[in-house]
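Shown next: target05.pdb, containing PDB, C-alpha atoms.
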```
MODEL        1
ATOM      1  CA  MET A  21      14.463 -16.423  39.784
ATOM      2  CA  THR A  22      13.914 -18.854  42.667
ATOM      3  CA  LEU A  23      17.553 -19.298  43.752
ATOM      4  CA  THR A  24      20.165 -16.569  43.323
ATOM      5  CA  LEU A  25      23.871 -17.056  44.023
ATOM      6  CA  VAL A  26      25.938 -14.031  45.061
ATOM      7  CA  THR A  27      29.743 -13.974  45.176
ATOM      8  CA  GLY A  28      31.976 -11.361  46.778
ATOM      9  CA  THR A  29      29.521 -11.077  49.656
ATOM     10  CA  THR A  30      32.019  -9.939  52.282
ATOM     11  CA  GLY A  31      33.448  -7.052  50.243
ATOM     12  CA  GLN A  32      32.276  -3.460  50.466
ATOM     13  CA  VAL A  33      29.636  -3.878  47.740
ATOM     14  CA  GLY A  34      28.552  -7.438  48.500
ATOM     15  CA  ARG A  35      28.018  -6.993  52.224
ATOM     16  CA  ARG A  36      25.597  -4.140  51.491
ATOM     17  CA  PHE A  37      23.916  -5.726  48.466
ATOM     18  CA  VAL A  38      23.008  -9.091  49.999
ATOM     19  CA  PRO A  39      20.801  -7.700  52.817
ATOM     20  CA  ARG A  40      18.850  -5.700  50.232
ATOM     21  CA  LEU A  41      18.459  -8.767  48.028
ATOM     22  CA  LEU A  42      17.282 -10.811  51.014
ATOM     23  CA  ALA A  43      14.828  -8.093  52.027
ATOM     24  CA  GLN A  44      13.180  -8.256  48.590
ATOM     25  CA  THR A  45      12.794 -12.025  48.313
ATOM     26  CA  ARG A  46       9.285 -13.314  47.828
ATOM     27  CA  PRO A  47       7.870 -16.618  49.096
ATOM     28  CA  GLY A  48       9.717 -19.434  47.345
ATOM     29  CA  GLU A  49      12.745 -17.301  46.478
ATOM     30  CA  ARG A  50      16.118 -18.082  48.059
ATOM     31  CA  VAL A  51      19.562 -16.521  48.211
ATOM     32  CA  ARG A  52      22.849 -18.423  48.358
ATOM     33  CA  VAL A  53      26.175 -16.766  49.213
ATOM     34  CA  LEU A  54      29.661 -18.017  48.477
ATOM     35  CA  VAL A  55      32.224 -17.105  51.157
ATOM     36  CA  ARG A  56      35.728 -18.166  52.078
ATOM     37  CA  ASP A  57      35.162 -17.640  55.810
ATOM     38  CA  ALA A  58      31.955 -19.119  57.268
ATOM     39  CA  GLU A  59      32.048 -16.784  60.277
ATOM     40  CA  ARG A  60      31.748 -13.741  58.018
ATOM     41  CA  ALA A  61      28.546 -15.155  56.534
ATOM     42  CA  GLU A  62      26.771 -15.666  59.844
ATOM     43  CA  ARG A  63      24.706 -12.491  59.567
ATOM     44  CA  PHE A  64      23.526 -13.515  56.089
ATOM     45  CA  ALA A  65      22.636 -16.996  57.303
ATOM     46  CA  GLY A  66      20.732 -15.422  60.164
ATOM     47  CA  SER A  67      18.657 -13.537  57.594
ATOM     48  CA  GLY A  68      17.857 -16.694  55.663
ATOM     49  CA  ALA A  69      20.685 -17.044  53.147
ATOM     50  CA  GLU A  70      22.172 -20.410  52.253
ATOM     51  CA  VAL A  71      25.959 -20.490  52.666
ATOM     52  CA  VAL A  72      28.571 -22.291  50.582
ATOM     53  CA  VAL A  73      32.078 -22.071  52.017
ATOM     54  CA  GLY A  74      35.066 -22.137  49.701
ATOM     55  CA  ASP A  75      37.187 -20.282  47.182
ATOM     56  CA  LEU A  76      35.813 -18.991  43.896
ATOM     57  CA  ARG A  77      38.926 -20.395  42.227
ATOM     58  CA  ASP A  78      38.137 -23.988  43.306
ATOM     59  CA  ASP A  79      36.229 -25.903  40.616
ATOM     60  CA  GLU A  80      34.667 -28.293  43.122
ATOM     61  CA  VAL A  81      33.381 -25.361  45.172
ATOM     62  CA  LEU A  82      31.986 -23.733  42.042
ATOM     63  CA  GLY A  83      30.042 -26.879  41.245
ATOM     64  CA  LYS A  84      28.423 -26.849  44.684
ATOM     65  CA  ALA A  85      27.761 -23.109  44.514
ATOM     66  CA  VAL A  86      25.887 -23.157  41.179
ATOM     67  CA  ALA A  87      23.951 -26.393  41.714
ATOM     68  CA  GLY A  88      20.233 -25.686  41.291
ATOM     69  CA  VAL A  89      20.830 -21.949  40.852
ATOM     70  CA  ASP A  90      18.654 -19.812  38.556
ATOM     71  CA  ALA A  91      20.721 -16.601  38.634
ATOM     72  CA  VAL A  92      24.222 -15.466  39.589
ATOM     73  CA  VAL A  93      25.380 -12.024  40.702
ATOM     74  CA  ASN A  94      29.174 -12.019  40.508
ATOM     75  CA  ILE A  95      30.475  -9.205  42.712
ATOM     76  CA  ALA A  96      33.786 -10.863  43.655
ATOM     77  CA  ALA A  97      36.833  -8.786  42.714
ATOM     78  CA  SER A  98      40.442  -8.088  43.654
ATOM     79  CA  PHE A  99      41.315  -4.438  43.397
ATOM     80  CA  ARG A 100      43.642  -2.211  45.391
ATOM     81  CA  GLY A 101      46.956  -3.423  46.727
ATOM     82  CA  VAL A 102      46.916  -6.937  45.257
ATOM     83  CA  PRO A 103      49.592  -8.398  42.949
ATOM     84  CA  ASP A 104      48.738  -8.339  39.261
ATOM     85  CA  ASP A 105      48.554 -12.119  39.025
ATOM     86  CA  GLU A 106      45.923 -12.209  41.775
ATOM     87  CA  ALA A 107      43.892  -9.539  40.015
ATOM     88  CA  TRP A 108      43.895 -11.617  36.847
ATOM     89  CA  ALA A 109      43.148 -14.842  38.738
ATOM     90  CA  VAL A 110      40.076 -13.428  40.492
ATOM     91  CA  ASN A 111      38.745 -10.792  38.100
ATOM     92  CA  ARG A 112      39.167 -12.736  34.862
ATOM     93  CA  ASP A 113      39.943 -16.416  35.400
ATOM     94  CA  ALA A 114      37.567 -17.065  38.300
ATOM     95  CA  ALA A 115      34.795 -14.992  36.718
ATOM     96  CA  ILE A 116      35.033 -16.956  33.481
ATOM     97  CA  ALA A 117      35.173 -20.276  35.352
ATOM     98  CA  LEU A 118      32.049 -19.227  37.264
ATOM     99  CA  GLY A 119      30.320 -18.310  34.016
ATOM    100  CA  ARG A 120      31.141 -21.675  32.465
ATOM    101  CA  ALA A 121      30.019 -23.520  35.591
ATOM    102  CA  ALA A 122      26.783 -21.519  35.557
ATOM    103  CA  LEU A 123      26.193 -22.376  31.913
ATOM    104  CA  ALA A 124      26.797 -26.082  32.567
ATOM    105  CA  ALA A 125      24.381 -25.968  35.524
ATOM    106  CA  GLY A 126      21.590 -24.404  33.491
ATOM    107  CA  VAL A 127      21.683 -20.975  35.177
ATOM    108  CA  GLN A 128      19.261 -18.603  33.483
ATOM    109  CA  ARG A 129      20.856 -15.209  34.226
ATOM    110  CA  PHE A 130      24.343 -14.008  35.073
ATOM    111  CA  VAL A 131      24.995 -10.466  36.319
ATOM    112  CA  GLN A 132      28.656  -9.523  36.025
ATOM    113  CA  VAL A 133      29.664  -6.590  38.206
ATOM    114  CA  SER A 134      32.341  -4.567  36.437
ATOM    115  CA  THR A 135      33.767  -1.060  36.611
ATOM    116  CA  GLY A 136      33.492   2.197  34.697
ATOM    117  CA  LEU A 137      37.290   2.296  34.718
ATOM    118  CA  VAL A 138      37.268  -0.149  31.787
ATOM    119  CA  TYR A 139      36.568   2.726  29.375
ATOM    120  CA  GLY A 140      40.083   4.053  29.899
ATOM    121  CA  LEU A 141      40.589   7.526  28.473
ATOM    122  CA  GLY A 142      37.866  10.162  28.270
ATOM    123  CA  ARG A 143      35.957  11.107  25.109
ATOM    124  CA  GLY A 144      35.180  14.787  25.670
ATOM    125  CA  ARG A 145      31.639  13.810  26.810
ATOM    126  CA  PRO A 146      29.984  11.327  29.166
ATOM    127  CA  LEU A 147      31.009   7.750  28.426
ATOM    128  CA  THR A 148      28.361   5.462  26.962
ATOM    129  CA  GLU A 149      28.135   1.684  26.885
ATOM    130  CA  GLU A 150      28.745   1.728  23.125
ATOM    131  CA  ASP A 151      32.169   3.357  23.521
ATOM    132  CA  GLU A 152      35.156   1.220  22.667
ATOM    133  CA  ILE A 153      37.875   0.614  25.239
ATOM    134  CA  ARG A 154      40.768   3.099  25.089
ATOM    135  CA  PRO A 155      43.469   1.934  27.515
ATOM    136  CA  GLY A 156      45.127   4.683  29.520
ATOM    137  CA  GLY A 157      44.734   7.063  32.414
ATOM    138  CA  GLU A 158      46.043   6.974  35.964
ATOM    139  CA  MET A 159      43.754   4.099  37.045
ATOM    140  CA  TRP A 160      44.541   1.778  34.130
ATOM    141  CA  GLY A 161      46.289  -1.467  35.045
ATOM    142  CA  ALA A 162      45.780  -5.144  35.841
ATOM    143  CA  TYR A 163      42.432  -4.500  37.553
ATOM    144  CA  THR A 164      40.890  -2.737  34.571
ATOM    145  CA  GLU A 165      42.467  -5.028  31.995
ATOM    146  CA  SER A 166      41.264  -8.148  33.815
ATOM    147  CA  LYS A 167      37.750  -6.709  34.119
ATOM    148  CA  VAL A 168      37.677  -5.933  30.390
ATOM    149  CA  ALA A 169      38.772  -9.494  29.598
ATOM    150  CA  ALA A 170      36.138 -10.971  31.900
ATOM    151  CA  GLU A 171      33.367  -8.904  30.325
ATOM    152  CA  ARG A 172      34.338  -9.930  26.807
ATOM    153  CA  GLU A 173      34.669 -13.644  27.516
ATOM    154  CA  LEU A 174      31.507 -13.874  29.605
ATOM    155  CA  LEU A 175      29.449 -12.044  26.987
ATOM    156  CA  ALA A 176      30.809 -14.455  24.383
ATOM    157  CA  LEU A 177      29.546 -17.558  26.252
ATOM    158  CA  GLU A 178      26.861 -18.909  23.953
ATOM    159  CA  GLY A 179      23.708 -19.930  25.771
ATOM    160  CA  LEU A 180      24.266 -17.862  28.935
ATOM    161  CA  ASP A 181      22.195 -14.712  29.543
ATOM    162  CA  VAL A 182      24.894 -12.298  30.722
ATOM    163  CA  ARG A 183      24.233  -8.685  31.675
ATOM    164  CA  VAL A 184      27.010  -6.356  32.888
ATOM    165  CA  GLY A 185      26.820  -3.511  35.410
ATOM    166  CA  ARG A 186      29.703  -1.027  35.323
ATOM    167  CA  LEU A 187      30.058   0.738  38.655
ATOM    168  CA  VAL A 188      31.809   4.037  39.179
ATOM    169  CA  PHE A 189      33.402   5.066  42.516
ATOM    170  CA  VAL A 190      31.235   3.527  45.248
ATOM    171  CA  TYR A 191      30.671   5.161  48.642
ATOM    172  CA  GLY A 192      28.248   5.440  51.562
ATOM    173  CA  GLU A 193      27.018   3.662  54.686
ATOM    174  CA  GLY A 194      30.381   3.725  56.411
ATOM    175  CA  ASP A 195      32.392   2.577  53.391
ATOM    176  CA  PRO A 196      35.956   3.961  53.758
ATOM    177  CA  HIS A 197      36.176   4.699  50.025
ATOM    178  CA  LEU A 198      35.143   8.322  50.509
ATOM    179  CA  ALA A 199      38.132   8.972  52.776
ATOM    180  CA  GLN A 200      40.370   6.931  50.483
ATOM    181  CA  SER A 201      39.443   9.169  47.549
ATOM    182  CA  LEU A 202      41.952  11.704  48.875
ATOM    183  CA  MET A 203      44.773   9.343  47.870
ATOM    184  CA  TRP A 204      44.121  10.598  44.344
ATOM    185  CA  ALA A 205      42.267  13.859  44.859
ATOM    186  CA  ARG A 206      45.139  15.476  46.761
ATOM    187  CA  ASN A 207      47.214  15.161  43.570
ATOM    188  CA  TRP A 208      44.526  16.466  41.218
ATOM    189  CA  ALA A 209      43.549  19.874  39.969
ATOM    190  CA  SER A 210      40.881  21.488  42.141
ATOM    191  CA  VAL A 211      38.282  21.142  39.354
ATOM    192  CA  GLN A 212      39.090  17.519  38.470
ATOM    193  CA  ARG A 213      35.965  15.399  38.900
ATOM    194  CA  LEU A 214      35.079  11.973  40.236
ATOM    195  CA  GLN A 215      31.882  10.155  39.231
ATOM    196  CA  MET A 216      30.339   8.393  42.229
ATOM    197  CA  VAL A 217      27.451   6.142  43.202
ATOM    198  CA  HIS A 218      25.989   5.348  46.620
ATOM    199  CA  HIS A 219      25.701   1.744  47.812
ATOM    200  CA  ALA A 220      21.915   2.063  47.856
ATOM    201  CA  ASP A 221      21.982   2.892  44.156
ATOM    202  CA  VAL A 222      24.484   0.163  43.378
ATOM    203  CA  ALA A 223      21.990  -2.282  44.883
ATOM    204  CA  GLN A 224      19.109  -0.673  42.997
ATOM    205  CA  GLY A 225      20.990  -0.953  39.709
ATOM    206  CA  LEU A 226      22.086  -4.553  40.235
ATOM    207  CA  LEU A 227      18.596  -5.627  41.277
ATOM    208  CA  ARG A 228      17.197  -4.058  38.122
ATOM    209  CA  LEU A 229      19.769  -5.927  36.034
ATOM    210  CA  LEU A 230      18.957  -9.156  37.860
ATOM    211  CA  HIS A 231      15.205  -9.013  37.374
ATOM    212  CA  ALA A 232      14.836  -7.299  33.989
ATOM    213  CA  PRO A 233      13.639  -9.564  31.162
ATOM    214  CA  GLY A 234      15.053  -9.313  27.678
ATOM    215  CA  VAL A 235      18.377  -7.589  28.360
ATOM    216  CA  ALA A 236      20.795 -10.461  27.668
ATOM    217  CA  GLY A 237      24.144  -9.169  26.464
ATOM    218  CA  ARG A 238      23.490  -5.599  27.594
ATOM    219  CA  ILE A 239      25.946  -3.415  29.499
ATOM    220  CA  TYR A 240      24.758  -0.695  31.888
ATOM    221  CA  ASN A 241      26.580   2.154  33.601
ATOM    222  CA  ILE A 242      25.493   2.592  37.232
ATOM    223  CA  SER A 243      26.248   6.031  38.679
ATOM    224  CA  ASP A 244      24.697   9.109  40.226
ATOM    225  CA  ASP A 245      23.930  12.397  38.474
ATOM    226  CA  ALA A 246      26.582  14.787  39.764
ATOM    227  CA  PRO A 247      30.332  14.138  39.695
ATOM    228  CA  VAL A 248      32.223  15.968  42.452
ATOM    229  CA  THR A 249      35.467  17.896  42.229
ATOM    230  CA  ALA A 250      38.703  17.323  44.107
ATOM    231  CA  LEU A 251      37.934  20.485  46.048
ATOM    232  CA  GLU A 252      34.568  19.049  47.130
ATOM    233  CA  LEU A 253      36.146  15.727  48.111
ATOM    234  CA  HIS A 254      38.429  17.562  50.515
ATOM    235  CA  GLU A 255      35.450  19.464  51.925
ATOM    236  CA  LEU A 256      33.392  16.283  52.346
ATOM    237  CA  ASN A 257      36.264  14.697  54.256
ATOM    238  CA  GLY A 258      36.824  17.769  56.413
ATOM    239  CA  VAL A 259      40.349  18.243  55.078
ATOM    240  CA  GLU A 260      41.947  21.553  54.143
ATOM    241  CA  VAL A 261      42.452  21.971  50.406
ATOM    242  CA  PRO A 262      46.175  22.069  49.510
ATOM    243  CA  ALA A 263      47.019  25.362  47.798
ATOM    244  CA  GLU A 264      48.755  23.593  44.910
ATOM    245  CA  LEU A 265      45.440  22.079  43.737
ATOM    246  CA  HIS A 266      44.446  25.495  42.410
ATOM    247  CA  ASP A 267      47.581  25.725  40.253
ATOM    248  CA  ARG A 268      47.061  22.408  38.466
ATOM    249  CA  THR A 269      45.092  21.704  35.294
ATOM    250  CA  ASP A 270      42.914  18.678  34.613
ATOM    251  CA  PRO A 271      44.578  16.564  31.873
ATOM    252  CA  ASP A 272      41.372  14.688  30.922
ATOM    253  CA  PRO A 273      38.179  16.419  32.179
ATOM    254  CA  TRP A 274      35.903  13.563  31.002
ATOM    255  CA  LEU A 275      37.947  10.694  32.432
ATOM    256  CA  GLY A 276      35.560   8.307  34.184
ATOM    257  CA  ILE A 277      32.452  10.455  33.676
ATOM    258  CA  THR A 278      29.649   8.110  32.588
ATOM    259  CA  SER A 279      26.201   8.455  31.078
ATOM    260  CA  THR A 280      23.231   6.727  32.712
ATOM    261  CA  GLU A 281      20.821   7.299  29.842
ATOM    262  CA  ARG A 282      20.600   3.596  28.965
ATOM    263  CA  ILE A 283      19.816   2.291  32.451
ATOM    264  CA  ARG A 284      17.316   5.109  32.950
ATOM    265  CA  ARG A 285      15.476   4.518  29.681
ATOM    266  CA  GLU A 286      15.582   0.719  29.629
ATOM    267  CA  LEU A 287      15.412  -0.218  33.321
ATOM    268  CA  GLY A 288      13.829   2.811  34.975
ATOM    269  CA  PHE A 289      16.837   3.545  37.190
ATOM    270  CA  ARG A 290      16.702   6.792  39.183
ATOM    271  CA  PRO A 291      19.363   7.382  41.851
ATOM    272  CA  LEU A 292      18.050   7.581  45.379
ATOM    273  CA  TYR A 293      21.025   9.847  46.062
ATOM    274  CA  PRO A 294      21.582  11.980  42.935
ATOM    275  CA  SER A 295      24.765  13.377  44.467
ATOM    276  CA  VAL A 296      27.071  12.758  47.400
ATOM    277  CA  TRP A 297      25.725  15.986  48.881
ATOM    278  CA  ALA A 298      22.218  14.533  48.915
ATOM    279  CA  ALA A 299      23.583  11.471  50.702
ATOM    280  CA  ARG A 300      25.416  13.629  53.210
ATOM    281  CA  ASP A 301      22.287  15.651  53.964
ATOM    282  CA  ALA A 302      20.353  12.387  54.450
ATOM    283  CA  GLY A 303      22.977  11.066  56.894
ATOM    284  CA  ALA A 304      23.828   8.219  54.534
ATOM    285  CA  LEU A 305      27.595   8.660  54.267
TER     286      LEU A 305
ENDMDL
END
```
What do you get writing this file as structure tokens?
Amino acid sequence: MTLTLVTGTTGQVGRRFVPRLLAQTRPGERVRVLVRDAERAERFAGSGAEVVVGDLRDDEVLGKAVAGVDAVVNIAASFRGVPDDEAWAVNRDAAIALGRAALAAGVQRFVQVSTGLVYGLGRGRPLTEEDEIRPGGEMWGAYTESKVAAERELLALEGLDVRVGRLVFVYGEGDPHLAQSLMWARNWASVQRLQMVHHADVAQGLLRLLHAPGVAGRIYNISDDAPVTALELHELNGVEVPAELHDRTDPDPWLGITSTERIRRELGFRPLYPSVWAARDAGAL
């Protein structure tokens, strides 16, 4: 891949992924980023990235962004606190438009960044990529539904090599998500678990998806090895555990708990931080 386009580069995942992608480029390889605000891309440009300024939802901008591109990594997403129509516009409509533009431009590979929340309800075991979607659970809504729709329509684009990475709860390197986890964890049972993945391992997983030959149409879970409980999330954040957590029961103990067997066996993925505790001990929170 000589020219790779990355979207969503100013979000929590993108701003940490792009520097790692740039650091691994070989002579002749280039990175292009799509941003809405040129000032926020200055640090990427300073590291050698090409910059296209504009909105993912603008067809003219998309044409400029994909011109001459060999691969796309679509990280752009609208998640918490946005109206449902915006979630659909960005997560489904813009993703599909980008996929079609990439196909028309002769792009060779398209990595769609999705979420483990698309599985919906638990299965009584770790979730695998072969599991069907079962809508439901406290996190189900426009975000998950729009991500499911984007996955399905992108994978159905004939002639485009699409591979999908489903991320679980992302944290690390100053990302506020770890603190924000208490928005949910304070209402859980003490033993209720959250599957997590560090930004370094998100980047590792996406880079493996980007460069792996022969995995067109494949979906991969990207997560660490050790889900943490609501009790541990309070401890990690230095917050006292509310007494009522111990009186609650977990309604779906396998909700959001994913298997990484496929990405391990097929792509050689091994988390640099097998648990959030390993990341904490390494000073990587």
So, with only C-alpha atoms as the atoms that count, which of A:Val138, A:Ala43, A:Ile95, A:Val211 lies closest to Met159 in chain A?
A:Val138
Could you please determine the separation between CA of Lys84 in chain A and CA of Asp57 in chain A in Å, to one decimal place?
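Between CA of Lys84 in chain A and CA of Asp57 in chain A the gap works out to 15.9 Å.
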Output as JSON the centre and edge lengths (Å, one decimal) of the box along x, y and z of the file that holds every listed atom of range 185-202 of chain A after adding 5 Å on each side.
```
{"center_x": 34.4, "center_y": 4.1, "center_z": 45.9, "size_x": 25.1, "size_y": 25.2, "size_z": 31.1}
```
Just to confirm, what's the straight-line distance from CA of Arg50 in chain A to CA of Glu70 in chain A in Å (one decimal)?
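CA of Arg50 in chain A sits 7.7 Å away from CA of Glu70 in chain A.
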Could you tell me how far CA of Asp270 in chain A lies from CA of Ala298 in chain A, in Å and to one decimal?
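Between these atoms lies a distance of 25.5 Å.
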Evaluate the PyMOL selection byres ((chain A and resi 249) around 7) here and jot the selected residues down as a PyMOL selection string.
chain A and resi 210-214+247-248+250-253
Quick one: of A:Asp104, A:Glu193, A:Glu171, A:Glu59, who's nearest to Gly237 in chain A, counting all atoms listed in the file?
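Closest to Gly237 in chain A, using all atoms listed in the file: A:Glu171.
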Care to translate the PyMOL selection byres ((chain A and resi 264) around 10) into actual residues of this file, as JSON, numbers by chain?
{"A": [206, 207, 208, 209, 210, 261, 262, 263, 265, 266, 267, 268]}
I would like the residues chosen by the PyMOL selection byres ((chain A and resi 300) around 12) on the shown file; could you give them as a list of chain:residue names?
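What the PyMOL selection byres ((chain A and resi 300) around 12) grabs from the file is A:Tyr191, A:Gly192, A:Glu193, A:Gly194, A:Leu198, A:His218, A:Glu255, A:Leu256, A:Asn257, A:Tyr293, A:Pro294, A:Ser295, A:Val296, A:Trp297, A:Ala298, A:Ala299, A:Asp301, A:Ala302, A:Gly303, A:Ala304, A:Leu305.
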Arg183 in chain A surroundings by all atoms listed in the file, 7 Å radius, close-in-sequence under 3 positions cut, as an MDAnalysis selection string
chainID A and resid 130:132 229 235:239
Pick out the closest residue to Ser67 in chain A from this set: A:Leu187, A:Ala176, A:Val38, A:Leu137. Count only C-alpha atoms.
A:Val38
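Between Gly68 in chain A and the residues A:Asp90, A:Glu158, A:Glu178, A:Glu49, the shortest atom-to-atom distance, using all atoms listed in the file, involves A:Glu49.
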With only C-alpha atoms as the atoms that count, which of A:Thr269, A:Gln200, A:Thr22, A:Asn111 lies nearest to Val133 in chain A?
A:Asn111
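Closest approach to Gly74 in chain A among A:Pro291, A:Gly88, A:Gly28, A:Gly34: A:Gly28, based on all atoms listed in the file.
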Can you pull range 173-181 of chain A out of that block with all heavy atoms and hand it back as a PDB file, in the first residue's frame?
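Printed below is result32.pdb as written:
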```
ATOM      1  N   GLU A 173     -23.433  -3.194   4.479  1.00  0.00           N
ATOM      2  CA  GLU A 173     -23.448  -2.618   3.137  1.00  0.00           C
ATOM      3  C   GLU A 173     -22.040  -2.508   2.553  1.00  0.00           C
ATOM      4  O   GLU A 173     -21.851  -2.686   1.348  1.00  0.00           O
ATOM      5  CB  GLU A 173     -24.157  -1.268   3.158  1.00  0.00           C
ATOM      6  CG  GLU A 173     -25.637  -1.395   3.524  1.00  0.00           C
ATOM      7  CD  GLU A 173     -26.479  -0.225   3.072  1.00  0.00           C
ATOM      8  OE1 GLU A 173     -26.266   0.279   1.953  1.00  0.00           O
ATOM      9  OE2 GLU A 173     -27.355   0.200   3.845  1.00  0.00           O
ATOM     10  N   LEU A 174     -21.068  -2.227   3.391  1.00  0.00           N
ATOM     11  CA  LEU A 174     -19.686  -2.172   2.892  1.00  0.00           C
ATOM     12  C   LEU A 174     -19.210  -3.559   2.470  1.00  0.00           C
ATOM     13  O   LEU A 174     -18.580  -3.719   1.417  1.00  0.00           O
ATOM     14  CB  LEU A 174     -18.765  -1.592   3.960  1.00  0.00           C
ATOM     15  CG  LEU A 174     -18.874  -0.084   4.187  1.00  0.00           C
ATOM     16  CD1 LEU A 174     -18.135   0.322   5.461  1.00  0.00           C
ATOM     17  CD2 LEU A 174     -18.336   0.700   2.991  1.00  0.00           C
ATOM     18  N   LEU A 175     -19.492  -4.560   3.280  1.00  0.00           N
ATOM     19  CA  LEU A 175     -19.075  -5.922   2.937  1.00  0.00           C
ATOM     20  C   LEU A 175     -19.772  -6.437   1.684  1.00  0.00           C
ATOM     21  O   LEU A 175     -19.272  -7.359   1.026  1.00  0.00           O
ATOM     22  CB  LEU A 175     -19.341  -6.863   4.116  1.00  0.00           C
ATOM     23  CG  LEU A 175     -18.413  -6.679   5.327  1.00  0.00           C
ATOM     24  CD1 LEU A 175     -18.967  -7.415   6.539  1.00  0.00           C
ATOM     25  CD2 LEU A 175     -16.999  -7.164   5.010  1.00  0.00           C
ATOM     26  N   ALA A 176     -20.902  -5.842   1.357  1.00  0.00           N
ATOM     27  CA  ALA A 176     -21.655  -6.271   0.168  1.00  0.00           C
ATOM     28  C   ALA A 176     -21.193  -5.557  -1.108  1.00  0.00           C
ATOM     29  O   ALA A 176     -21.669  -5.896  -2.201  1.00  0.00           O
ATOM     30  CB  ALA A 176     -23.148  -6.018   0.385  1.00  0.00           C
ATOM     31  N   LEU A 177     -20.278  -4.592  -0.992  1.00  0.00           N
ATOM     32  CA  LEU A 177     -19.804  -3.870  -2.183  1.00  0.00           C
ATOM     33  C   LEU A 177     -18.912  -4.798  -3.015  1.00  0.00           C
ATOM     34  O   LEU A 177     -17.792  -5.120  -2.624  1.00  0.00           O
ATOM     35  CB  LEU A 177     -19.034  -2.621  -1.778  1.00  0.00           C
ATOM     36  CG  LEU A 177     -19.851  -1.449  -1.238  1.00  0.00           C
ATOM     37  CD1 LEU A 177     -18.928  -0.321  -0.786  1.00  0.00           C
ATOM     38  CD2 LEU A 177     -20.842  -0.942  -2.275  1.00  0.00           C
ATOM     39  N   GLU A 178     -19.392  -5.205  -4.140  1.00  0.00           N
ATOM     40  CA  GLU A 178     -18.654  -6.136  -4.988  1.00  0.00           C
ATOM     41  C   GLU A 178     -17.443  -5.446  -5.612  1.00  0.00           C
ATOM     42  O   GLU A 178     -17.552  -4.364  -6.190  1.00  0.00           O
ATOM     43  CB  GLU A 178     -19.573  -6.676  -6.090  1.00  0.00           C
ATOM     44  CG  GLU A 178     -18.956  -7.799  -6.899  1.00  0.00           C
ATOM     45  CD  GLU A 178     -19.943  -8.426  -7.855  1.00  0.00           C
ATOM     46  OE1 GLU A 178     -21.148  -8.162  -7.731  1.00  0.00           O
ATOM     47  OE2 GLU A 178     -19.501  -9.196  -8.741  1.00  0.00           O
ATOM     48  N   GLY A 179     -16.288  -6.056  -5.450  1.00  0.00           N
ATOM     49  CA  GLY A 179     -15.073  -5.527  -6.033  1.00  0.00           C
ATOM     50  C   GLY A 179     -14.209  -4.740  -5.076  1.00  0.00           C
ATOM     51  O   GLY A 179     -13.107  -4.324  -5.445  1.00  0.00           O
ATOM     52  N   LEU A 180     -14.693  -4.520  -3.831  1.00  0.00           N
ATOM     53  CA  LEU A 180     -13.909  -3.793  -2.833  1.00  0.00           C
ATOM     54  C   LEU A 180     -13.496  -4.752  -1.715  1.00  0.00           C
ATOM     55  O   LEU A 180     -14.332  -5.433  -1.141  1.00  0.00           O
ATOM     56  CB  LEU A 180     -14.713  -2.627  -2.249  1.00  0.00           C
ATOM     57  CG  LEU A 180     -13.965  -1.727  -1.258  1.00  0.00           C
ATOM     58  CD1 LEU A 180     -12.793  -1.021  -1.929  1.00  0.00           C
ATOM     59  CD2 LEU A 180     -14.918  -0.689  -0.654  1.00  0.00           C
ATOM     60  N   ASP A 181     -12.196  -4.791  -1.438  1.00  0.00           N
ATOM     61  CA  ASP A 181     -11.645  -5.645  -0.379  1.00  0.00           C
ATOM     62  C   ASP A 181     -11.866  -4.955   0.957  1.00  0.00           C
ATOM     63  O   ASP A 181     -11.107  -4.067   1.352  1.00  0.00           O
ATOM     64  CB  ASP A 181     -10.152  -5.870  -0.636  1.00  0.00           C
ATOM     65  CG  ASP A 181      -9.461  -6.670   0.459  1.00  0.00           C
ATOM     66  OD1 ASP A 181     -10.002  -6.785   1.570  1.00  0.00           O
ATOM     67  OD2 ASP A 181      -8.347  -7.166   0.210  1.00  0.00           O
TER      68      ASP A 181
END
```
